[in-house]
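> My structure is in query37.txt, and what it holds is compact mmCIF, C-alpha atoms:
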# COMPACT_ATOMS: atom_id res chain seq x y z
CA MET A 1 0.00 0.00 0.00
CA THR A 2 2.89 2.33 0.73
CA ALA A 3 4.30 1.87 -2.73
CA VAL A 4 0.93 2.60 -4.36
CA ILE A 5 0.62 5.92 -2.47
CA ASP A 6 4.24 7.06 -2.79
CA THR A 7 4.48 6.71 -6.55
CA PRO A 8 1.56 8.92 -7.53
CA GLN A 9 2.45 11.46 -4.80
CA ALA A 10 5.92 11.84 -6.20
CA GLY A 11 4.47 12.35 -9.66
CA ASN A 12 1.89 14.84 -8.42
CA LYS A 13 4.53 16.83 -6.55
CA HIS A 14 6.59 17.08 -9.70
CA ASN A 15 3.57 18.19 -11.72
CA ILE A 16 2.45 20.71 -9.08
CA THR A 17 5.95 22.18 -8.88
CA GLY A 18 6.05 22.56 -12.62
CA ALA A 19 2.59 24.10 -12.68
CA ARG A 20 3.47 26.46 -9.87
CA GLN A 21 6.64 27.59 -11.58
CA ALA A 22 4.71 28.24 -14.76
CA TYR A 23 2.24 30.26 -12.68
CA TYR A 24 5.02 32.19 -11.00
CA ASP A 25 6.56 32.99 -14.38
CA LYS A 26 3.17 34.17 -15.58
CA ILE A 27 2.41 36.52 -12.67
CA SER A 28 5.92 37.97 -12.67
CA LYS A 29 5.09 39.63 -16.01
CA TYR A 30 2.49 41.62 -14.08
CA HIS A 31 5.01 42.52 -11.32
CA LEU A 32 3.34 40.16 -8.87
CA ALA A 33 4.94 37.60 -6.56
CA PRO A 34 3.60 34.82 -4.27
CA LEU A 35 3.81 35.78 -0.58
CA TRP A 36 3.68 32.13 0.50
CA GLU A 37 7.13 31.54 -1.01
CA VAL A 38 8.80 34.26 1.08
CA LEU A 39 6.57 34.58 4.15
CA LYS A 40 8.93 32.73 6.51
CA GLY A 41 11.73 35.13 5.64
CA LEU A 42 9.55 38.18 6.21
CA VAL A 43 7.87 37.16 9.47
CA THR A 44 10.47 35.57 11.75
CA PRO A 45 9.98 34.16 15.28
CA GLU A 46 12.78 36.43 16.54
CA PRO A 47 14.77 39.31 15.03
CA LYS A 48 17.29 38.33 12.38
CA THR A 49 20.18 40.50 11.26
CA GLN A 50 23.10 40.35 8.86
CA MET A 51 25.08 42.54 11.26
CA ILE A 52 27.67 40.87 13.46
CA PRO A 53 29.51 42.02 16.61
CA ALA A 54 32.71 43.92 15.89
CA LEU A 55 35.34 45.92 17.75
CA TRP A 56 37.71 48.61 16.49
CA LYS A 57 40.87 49.10 18.59
CA PHE A 58 41.67 52.79 18.80
CA PRO A 59 45.50 52.50 18.67
CA GLU A 60 45.18 50.83 15.28
CA VAL A 61 42.53 53.22 13.99
CA GLU A 62 44.48 56.25 15.24
CA LYS A 63 47.53 55.32 13.18
CA LEU A 64 45.41 54.88 10.06
CA MET A 65 43.60 58.15 10.70
CA LEU A 66 46.87 60.05 10.98
CA GLU A 67 47.96 58.46 7.70
CA ALA A 68 44.74 59.78 6.17
CA GLY A 69 45.84 63.23 7.34
CA ASP A 70 48.86 62.89 5.04
CA VAL A 71 46.88 61.44 2.14
CA ILE A 72 43.97 63.90 1.88
CA THR A 73 43.10 67.32 3.29
CA ALA A 74 39.89 68.12 5.11
CA GLU A 75 38.94 70.46 2.26
CA GLU A 76 39.42 67.75 -0.37
CA ALA A 77 37.55 65.14 1.64
CA GLU A 78 34.87 67.55 2.92
CA ARG A 79 34.85 65.30 5.99
CA ARG A 80 37.94 63.18 6.65
CA VAL A 81 36.26 60.09 8.04
CA LEU A 82 37.08 56.40 8.11
CA VAL A 83 33.79 54.49 8.04
CA LEU A 84 33.29 51.76 10.65
CA GLU A 85 31.85 49.11 8.36
CA ASN A 86 30.07 46.21 9.98
CA PRO A 87 31.82 43.04 8.74
CA GLY A 88 28.43 41.44 8.19
CA GLU A 89 27.54 44.04 5.55
CA PRO A 90 30.81 45.20 3.95
CA GLY A 91 30.58 48.06 1.52
CA LYS A 92 27.23 49.29 2.83
CA SER A 93 28.56 52.13 5.05
CA LYS A 94 26.58 50.83 8.02
CA ILE A 95 27.56 49.82 11.54
CA THR A 96 23.98 48.71 12.26
CA ASN A 97 21.13 48.41 9.81
CA SER A 98 19.89 51.88 10.75
CA LEU A 99 23.06 53.78 11.69
CA PHE A 100 26.31 54.98 10.14
CA ALA A 101 29.46 55.38 12.23
CA GLY A 102 32.95 56.63 11.50
CA ILE A 103 36.02 58.19 13.06
CA GLN A 104 36.70 61.77 11.95
CA LEU A 105 40.02 63.61 12.06
CA ILE A 106 40.71 67.32 11.82
CA MET A 107 44.30 68.51 11.79
CA PRO A 108 45.63 71.79 13.25
CA GLY A 109 44.73 74.77 11.09
CA GLU A 110 42.01 72.94 9.15
CA ILE A 111 38.37 73.83 8.58
CA ALA A 112 35.66 71.39 7.54
CA ASP A 113 33.28 73.64 5.61
CA ALA A 114 29.77 74.49 6.76
CA HIS A 115 26.92 72.39 5.40
CA GLN A 116 23.56 70.94 6.48
CA HIS A 117 21.68 67.72 5.82
CA VAL A 118 18.53 65.89 6.80
CA ALA A 119 20.48 63.15 8.59
CA SER A 120 21.00 63.86 12.30
CA ALA A 121 24.51 63.42 13.68
CA ILE A 122 26.32 63.16 16.98
CA ARG A 123 29.99 63.52 17.89
CA PHE A 124 31.64 61.77 20.81
CA VAL A 125 35.13 63.18 21.25
CA LEU A 126 37.85 60.56 21.53
CA LYS A 127 41.23 62.27 21.52
CA GLY A 128 42.81 65.70 21.28
CA LYS A 129 41.78 69.22 22.18
CA GLY A 130 41.70 72.63 20.59
CA ALA A 131 39.09 71.87 17.91
CA TYR A 132 35.47 72.95 17.81
CA THR A 133 32.16 72.14 16.18
CA ALA A 134 29.90 75.08 15.36
CA VAL A 135 26.19 74.18 15.31
CA GLU A 136 23.34 76.64 14.75
CA GLY A 137 25.50 79.58 15.74
CA GLU A 138 27.10 78.00 18.83
CA LYS A 139 30.78 77.14 18.83
CA ALA A 140 31.29 74.03 20.99
CA GLN A 141 34.85 73.33 22.07
CA MET A 142 35.63 69.64 21.74
CA GLU A 143 37.15 67.78 24.68
CA HIS A 144 37.47 64.09 25.44
CA GLY A 145 34.11 62.53 26.29
CA ASP A 146 31.98 65.44 25.12
CA PHE A 147 28.70 64.50 23.43
CA ILE A 148 27.82 67.01 20.68
CA ILE A 149 24.57 67.00 18.74
CA THR A 150 23.86 68.13 15.19
CA ALA A 151 20.12 67.85 14.66
CA ASN A 152 18.26 67.42 11.38
CA TRP A 153 19.11 70.28 8.97
CA ALA A 154 21.22 72.16 11.53
CA PRO A 155 24.05 74.11 9.86
CA HIS A 156 27.42 72.93 11.16
CA ASP A 157 31.14 73.16 10.52
CA HIS A 158 34.32 72.04 12.26
CA GLY A 159 37.63 73.78 12.83
CA ASN A 160 40.91 73.20 14.60
CA PRO A 161 42.81 76.35 15.59
CA GLY A 162 44.71 74.25 18.13
CA LYS A 163 48.09 72.55 17.98
CA GLU A 164 47.19 68.83 17.86
CA PRO A 165 45.04 66.47 15.81
CA VAL A 166 41.53 65.90 17.15
CA MET A 167 39.48 62.75 16.53
CA TRP A 168 35.91 61.89 17.34
CA LEU A 169 33.26 59.26 16.75
CA ASP A 170 30.55 60.27 14.29
CA VAL A 171 27.19 58.48 14.36
CA LEU A 172 24.46 59.44 11.89
CA ASP A 173 21.04 58.06 11.03
CA MET A 174 21.82 58.15 7.28
CA PRO A 175 20.74 54.53 6.63
CA THR A 176 17.36 55.34 8.18
CA ILE A 177 17.02 58.53 6.13
CA ASN A 178 18.03 56.69 2.96
CA HIS A 179 15.58 53.88 3.74
CA PHE A 180 12.79 56.45 3.53
CA GLN A 181 14.55 58.08 0.54
CA THR A 182 14.30 61.50 2.17
CA SER A 183 17.91 62.70 2.01
CA PHE A 184 18.60 66.36 1.31
CA ALA A 185 21.84 68.31 1.78
CA ASN A 186 23.02 71.86 1.24
CA HIS A 187 26.41 73.59 1.15
CA PHE A 188 27.03 77.22 2.01
CA ASP A 189 29.15 79.80 0.23
CA GLU A 190 30.88 80.63 3.51
CA LYS A 191 33.30 78.07 4.95
CA MET A 192 32.29 78.95 8.51
CA GLN A 193 28.91 79.98 9.87
CA ASN A 194 28.46 83.14 11.89
CA VAL A 195 28.82 82.34 15.59
CA ASN A 196 26.90 84.39 18.14
CA HIS A 197 26.84 81.88 21.02
CA GLU A 198 29.88 80.65 22.87
CA ASP A 199 30.57 77.10 24.05
CA GLY A 200 28.13 75.97 26.70
CA ASP A 201 25.48 78.59 25.94
CA SER A 202 22.71 76.13 25.04
CA PHE A 203 23.53 73.92 28.03
CA GLU A 204 23.30 76.85 30.44
CA ARG A 205 20.10 78.09 28.81
CA TYR A 206 18.22 74.81 28.74
CA ALA A 207 19.82 72.16 30.96
CA THR A 208 20.10 73.82 34.36
CA GLY A 209 16.54 73.42 35.64
CA VAL A 210 15.07 76.53 34.03
CA LEU A 211 13.98 77.39 30.48
CA PRO A 212 14.06 80.73 28.72
CA ASP A 213 10.63 82.36 28.89
CA GLY A 214 8.92 81.64 25.60
CA ALA A 215 10.88 78.45 24.92
CA PRO A 216 8.84 75.93 22.92
CA ALA A 217 6.71 73.62 25.03
CA ALA A 218 7.23 70.80 22.56
CA MET A 219 10.43 69.97 20.72
CA ASN A 220 11.33 66.53 19.37
CA ARG A 221 15.07 67.05 19.70
CA SER A 222 17.30 68.57 22.34
CA PRO A 223 18.19 72.28 22.06
CA VAL A 224 21.48 71.51 23.84
CA ILE A 225 24.45 71.38 21.48
CA ASN A 226 27.13 70.02 23.83
CA TYR A 227 26.78 67.78 26.88
CA PRO A 228 30.29 68.20 28.37
CA TYR A 229 31.90 65.12 29.87
CA LYS A 230 33.22 67.16 32.78
CA LYS A 231 29.59 67.79 33.81
CA MET A 232 28.31 64.28 33.07
CA LYS A 233 30.99 62.23 34.87
CA PRO A 234 30.26 63.65 38.37
CA ILE A 235 26.65 62.49 38.01
CA LEU A 236 27.86 58.94 37.42
CA ASP A 237 30.09 59.22 40.48
CA ARG A 238 27.06 60.24 42.58
CA LEU A 239 25.08 57.25 41.34
CA LYS A 240 27.96 54.93 42.18
CA LYS A 241 28.34 56.44 45.65
CA THR A 242 24.67 55.90 46.47
CA GLY A 243 24.62 52.39 45.04
CA ASP A 244 22.33 53.19 42.10
CA ILE A 245 23.97 50.58 39.89
CA ASP A 246 21.95 48.55 37.43
CA LYS A 247 23.01 44.89 37.37
CA ARG A 248 23.15 44.93 33.57
CA HIS A 249 24.27 48.45 32.67
CA GLY A 250 26.10 49.82 35.71
CA ALA A 251 25.50 53.35 37.01
CA ARG A 252 23.89 54.75 33.88
CA VAL A 253 22.36 58.04 32.78
CA ARG A 254 20.37 58.85 29.68
CA TYR A 255 21.15 62.03 27.75
CA ALA A 256 17.82 63.86 27.78
CA ASN A 257 16.01 66.60 25.95
CA PRO A 258 15.44 69.18 28.72
CA ILE A 259 12.26 70.45 27.04
CA ASN A 260 10.30 67.24 27.53
CA GLY A 261 12.63 64.69 29.14
CA GLY A 262 12.63 62.59 25.97
CA PRO A 263 15.53 61.41 23.82
CA VAL A 264 18.00 63.94 22.46
CA LEU A 265 17.01 63.08 18.88
CA PRO A 266 13.90 61.39 17.46
CA THR A 267 15.99 58.73 15.71
CA MET A 268 18.90 58.24 18.13
CA GLY A 269 19.29 58.02 21.89
CA ALA A 270 22.46 57.94 23.99
CA ASN A 271 23.60 56.83 27.43
CA LEU A 272 26.68 57.12 29.61
CA ALA A 273 27.44 54.36 32.10
CA LEU A 274 30.01 53.84 34.85
CA LEU A 275 31.06 50.25 35.51
CA PRO A 276 32.75 49.92 38.93
CA LYS A 277 35.98 47.95 39.12
CA GLY A 278 35.14 44.25 39.17
CA PHE A 279 31.68 44.80 37.69
CA LYS A 280 30.23 41.64 36.16
CA GLY A 281 27.08 42.51 34.28
CA GLU A 282 24.06 40.29 33.97
CA PRO A 283 23.08 39.22 30.43
CA TYR A 284 20.96 41.63 28.44
CA ARG A 285 19.63 42.04 24.92
CA SER A 286 17.36 44.46 23.09
CA THR A 287 16.15 45.09 19.59
CA ASP A 288 18.20 48.26 19.10
CA GLY A 289 21.68 47.60 17.74
CA THR A 290 24.00 49.58 20.00
CA ILE A 291 27.35 51.30 19.42
CA PHE A 292 29.66 51.64 22.41
CA ALA A 293 32.69 53.92 22.84
CA VAL A 294 35.01 53.57 25.81
CA ALA A 295 35.58 56.89 27.60
CA GLU A 296 37.58 55.43 30.49
CA GLY A 297 38.88 52.12 31.78
CA LYS A 298 39.41 48.60 30.58
CA GLY A 299 37.28 45.47 30.43
CA THR A 300 35.51 42.95 28.26
CA THR A 301 32.07 42.47 26.78
CA VAL A 302 30.76 39.03 25.90
CA ILE A 303 28.55 39.30 22.82
CA ASP A 304 26.66 36.27 21.55
CA GLY A 305 29.07 34.03 23.46
CA LYS A 306 32.30 35.66 22.24
CA GLU A 307 34.50 37.88 24.42
CA TYR A 308 35.74 41.26 23.18
CA SER A 309 38.44 43.11 25.15
CA TRP A 310 38.29 46.89 25.12
CA GLY A 311 40.23 49.92 26.36
CA VAL A 312 40.04 53.71 26.19
CA ASN A 313 38.62 55.09 22.91
CA ASP A 314 37.87 51.64 21.47
CA VAL A 315 34.53 51.32 19.69
CA PHE A 316 32.39 48.20 19.46
CA VAL A 317 28.92 47.29 18.24
CA VAL A 318 26.28 44.91 19.56
CA PRO A 319 23.77 43.96 16.81
CA PRO A 320 20.02 43.78 17.51
CA TRP A 321 18.82 41.04 19.86
CA LYS A 322 22.33 39.71 20.51
CA ARG A 323 22.83 38.87 24.19
CA PHE A 324 25.74 40.68 25.85
CA GLN A 325 27.25 41.35 29.27
CA HIS A 326 29.90 43.83 30.37
CA ASN A 327 32.82 43.09 32.71
CA ALA A 328 35.15 45.79 34.02
CA SER A 329 38.67 44.95 35.17
CA GLU A 330 39.02 48.57 36.32
CA GLU A 331 36.53 51.38 36.76
CA SER A 332 35.23 52.17 33.29
CA VAL A 333 32.86 54.54 31.53
CA LEU A 334 31.01 53.52 28.38
CA PHE A 335 29.18 55.84 26.03
CA SER A 336 26.45 54.19 23.94
CA ILE A 337 24.08 55.21 21.18
CA SER A 338 21.33 53.39 19.30
CA ASP A 339 18.10 53.81 17.34
CA ARG A 340 15.95 53.02 20.38
CA PRO A 341 13.90 56.29 20.18
CA ALA A 342 12.83 55.50 16.63
CA GLN A 343 11.83 51.96 17.60
CA GLU A 344 9.93 53.18 20.65
CA ALA A 345 8.07 55.74 18.56
CA LEU A 346 6.96 52.90 16.28
CA GLY A 347 6.08 50.64 19.23
CA ILE A 348 8.48 47.87 18.16
CA TRP A 349 11.29 48.11 20.75
CA ARG A 350 11.78 45.15 23.09
CA GLU A 351 14.33 44.07 25.67
CA GLY A 352 15.13 40.81 27.46
CA ASN A 353 17.76 38.80 29.28
Just dump the structure as structure tokens.

Amino acid sequence: MTAVIDTPQAGNKHNITGARQAYYDKISKYHLAPLWEVLKGLVTPEPKTQMIPALWKFPEVEKLMLEAGDVITAEEAERRVLVLENPGEPGKSKITNSLFAGIQLIMPGEIADAHQHVASAIRFVLKGKGAYTAVEGEKAQMEHGDFIITANWAPHDHGNPGKEPVMWLDVLDMPTINHFQTSFANHFDEKMQNVNHEDGDSFERYATGVLPDGAPAAMNRSPVINYPYKKMKPILDRLKKTGDIDKRHGARVRYANPINGGPVLPTMGANLALLPKGFKGEPYRSTDGTIFAVAEGKGTTVIDGKEYSWGVNDVFVVPPWKRFQHNASEESVLFSISDRPAQEALGIWREGN
């Protein structure tokens, strides 16, 4: 009986496959495709990503950046940046599926001309001093650990009147903007914008517990240009002293929009965390792929079962829904940034252990 059933089934399967293929060929001429052939790839039980964990050691990157300073000027390059390409998607200029990241260098005496674009950007200063970023008329001096924001369409330029090279981490939401095909950019005739606000002006206006009378009651991005590390680090120290240490993230603060307490940008949110010496974090994962930069200290992070050792100014990425845990061999401070605000706005962000 088995033989009688198997033989015709095999024949029928062959005939159905042939008929289906003929049908598929037919509907393709009308720019139609069968959902049932691709449904499992579109609706997955858990998040899937082509991105993989990766770490960039700053001593190696620094040498290559300084070589770039000999190879091309800031004027020729417009922005002298080495892109941090995720090894899972080489050639795509992405560190996560939604974010771009790179290391930028500006040499003494150089100016990176003023421009504006739809993509929002942040700078996290890694090494050097004497350079500045001018954003919307405020000149922000760049020092190690500073978190500087360039919001959507904000005019900005960089300059280095100092005596040493300055490098920082750039993170932009360009892949998100390009996904929606909404990219615009504009260059100005002047190399530098007019500056009428000194460094720290927006922080003192908006982030000290009061707001200028008449300030907007609703604003989807922070009006603060620079969150100085020298003002952020003492807050972490206070959290550590009082024992406010999360078992997964350490003593952590979220950079906030002082207008409404929300994220600093609608597409990107950032945190700063202190890991006490000997900290052994509990496992954690979330749907936002996260970029980390080491402001202080030394330690390791286990990502998806593999250990990555990091030190000052190293950068590493944890892809979406990959389990990770931090360990600090000495007191450390980690800056992190991800697309969590965008996911939360869409109601799709999740976290777990």
> Rounded to one decimal, what separation in Å do you get between CA of His115 (chain A) and CA of Thr133 (chain A)?
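Between CA of His115 (chain A) and CA of Thr133 (chain A) the gap works out to 12.0 Å.
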> I'd like the neighbourhood of region 51-66 of chain A as a ChimeraX atom specification, where a residue qualifies if any of its atoms comes within 9 Å (using only C-alpha atoms), though same-chain residues fewer than 6 positions away should be ignored.
/A:80-82,84,86-89,95-97,103-105,107,165,167,289,303-304,306,308-320,322
> Would you work out the distance separating CA of Glu198 (chain A) from CA of Arg238 (chain A), expressed in Å to one decimal?
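Computed distance, CA of Glu198 (chain A) to CA of Arg238 (chain A), equals 28.5 Å.
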> Given the choices A:Ala217, A:Leu211, A:Leu334, A:Leu346, which gets closest to Ala251 (chain A) if the distance is worked out from all atoms listed in the file?
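Nearest candidate to Ala251 (chain A) out of A:Ala217, A:Leu211, A:Leu334, A:Leu346: A:Leu334.
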> Can you tell me, as a ChimeraX atom specification, what residues are no more than 12 Å from Ile259 (chain A) when counting only C-alpha atoms, ignoring any on the same chain fewer than 3 positions away?
/A:203,205-212,214-224,256,262-265
> Can I get the selection written as a PDB file, in the frame of the given file, with C-alpha atoms?

ATOM      1  CA  PHE A 203      23.530  73.920  28.030  1.00  0.00           C
ATOM      2  CA  ARG A 205      20.100  78.090  28.810  1.00  0.00           C
ATOM      3  CA  TYR A 206      18.220  74.810  28.740  1.00  0.00           C
ATOM      4  CA  ALA A 207      19.820  72.160  30.960  1.00  0.00           C
ATOM      5  CA  THR A 208      20.100  73.820  34.360  1.00  0.00           C
ATOM      6  CA  GLY A 209      16.540  73.420  35.640  1.00  0.00           C
ATOM      7  CA  VAL A 210      15.070  76.530  34.030  1.00  0.00           C
ATOM      8  CA  LEU A 211      13.980  77.390  30.480  1.00  0.00           C
ATOM      9  CA  PRO A 212      14.060  80.730  28.720  1.00  0.00           C
ATOM     10  CA  GLY A 214       8.920  81.640  25.600  1.00  0.00           C
ATOM     11  CA  ALA A 215      10.880  78.450  24.920  1.00  0.00           C
ATOM     12  CA  PRO A 216       8.840  75.930  22.920  1.00  0.00           C
ATOM     13  CA  ALA A 217       6.710  73.620  25.030  1.00  0.00           C
ATOM     14  CA  ALA A 218       7.230  70.800  22.560  1.00  0.00           C
ATOM     15  CA  MET A 219      10.430  69.970  20.720  1.00  0.00           C
ATOM     16  CA  ASN A 220      11.330  66.530  19.370  1.00  0.00           C
ATOM     17  CA  ARG A 221      15.070  67.050  19.700  1.00  0.00           C
ATOM     18  CA  SER A 222      17.300  68.570  22.340  1.00  0.00           C
ATOM     19  CA  PRO A 223      18.190  72.280  22.060  1.00  0.00           C
ATOM     20  CA  VAL A 224      21.480  71.510  23.840  1.00  0.00           C
ATOM     21  CA  ALA A 256      17.820  63.860  27.780  1.00  0.00           C
ATOM     22  CA  GLY A 262      12.630  62.590  25.970  1.00  0.00           C
ATOM     23  CA  PRO A 263      15.530  61.410  23.820  1.00  0.00           C
ATOM     24  CA  VAL A 264      18.000  63.940  22.460  1.00  0.00           C
ATOM     25  CA  LEU A 265      17.010  63.080  18.880  1.00  0.00           C
TER      26      LEU A 265
END
> Which of these residues is nearest to Pro266 (chain A), using only C-alpha atoms: A:Ser120, A:Gln21, A:Ser329, A:Thr44?
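For Pro266 (chain A), the nearest of the given residues is A:Ser120.
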> What separation in Å, quoted to one decimal, exists between CA of His179 (chain A) and CA of Ala112 (chain A)?
26.9 Å
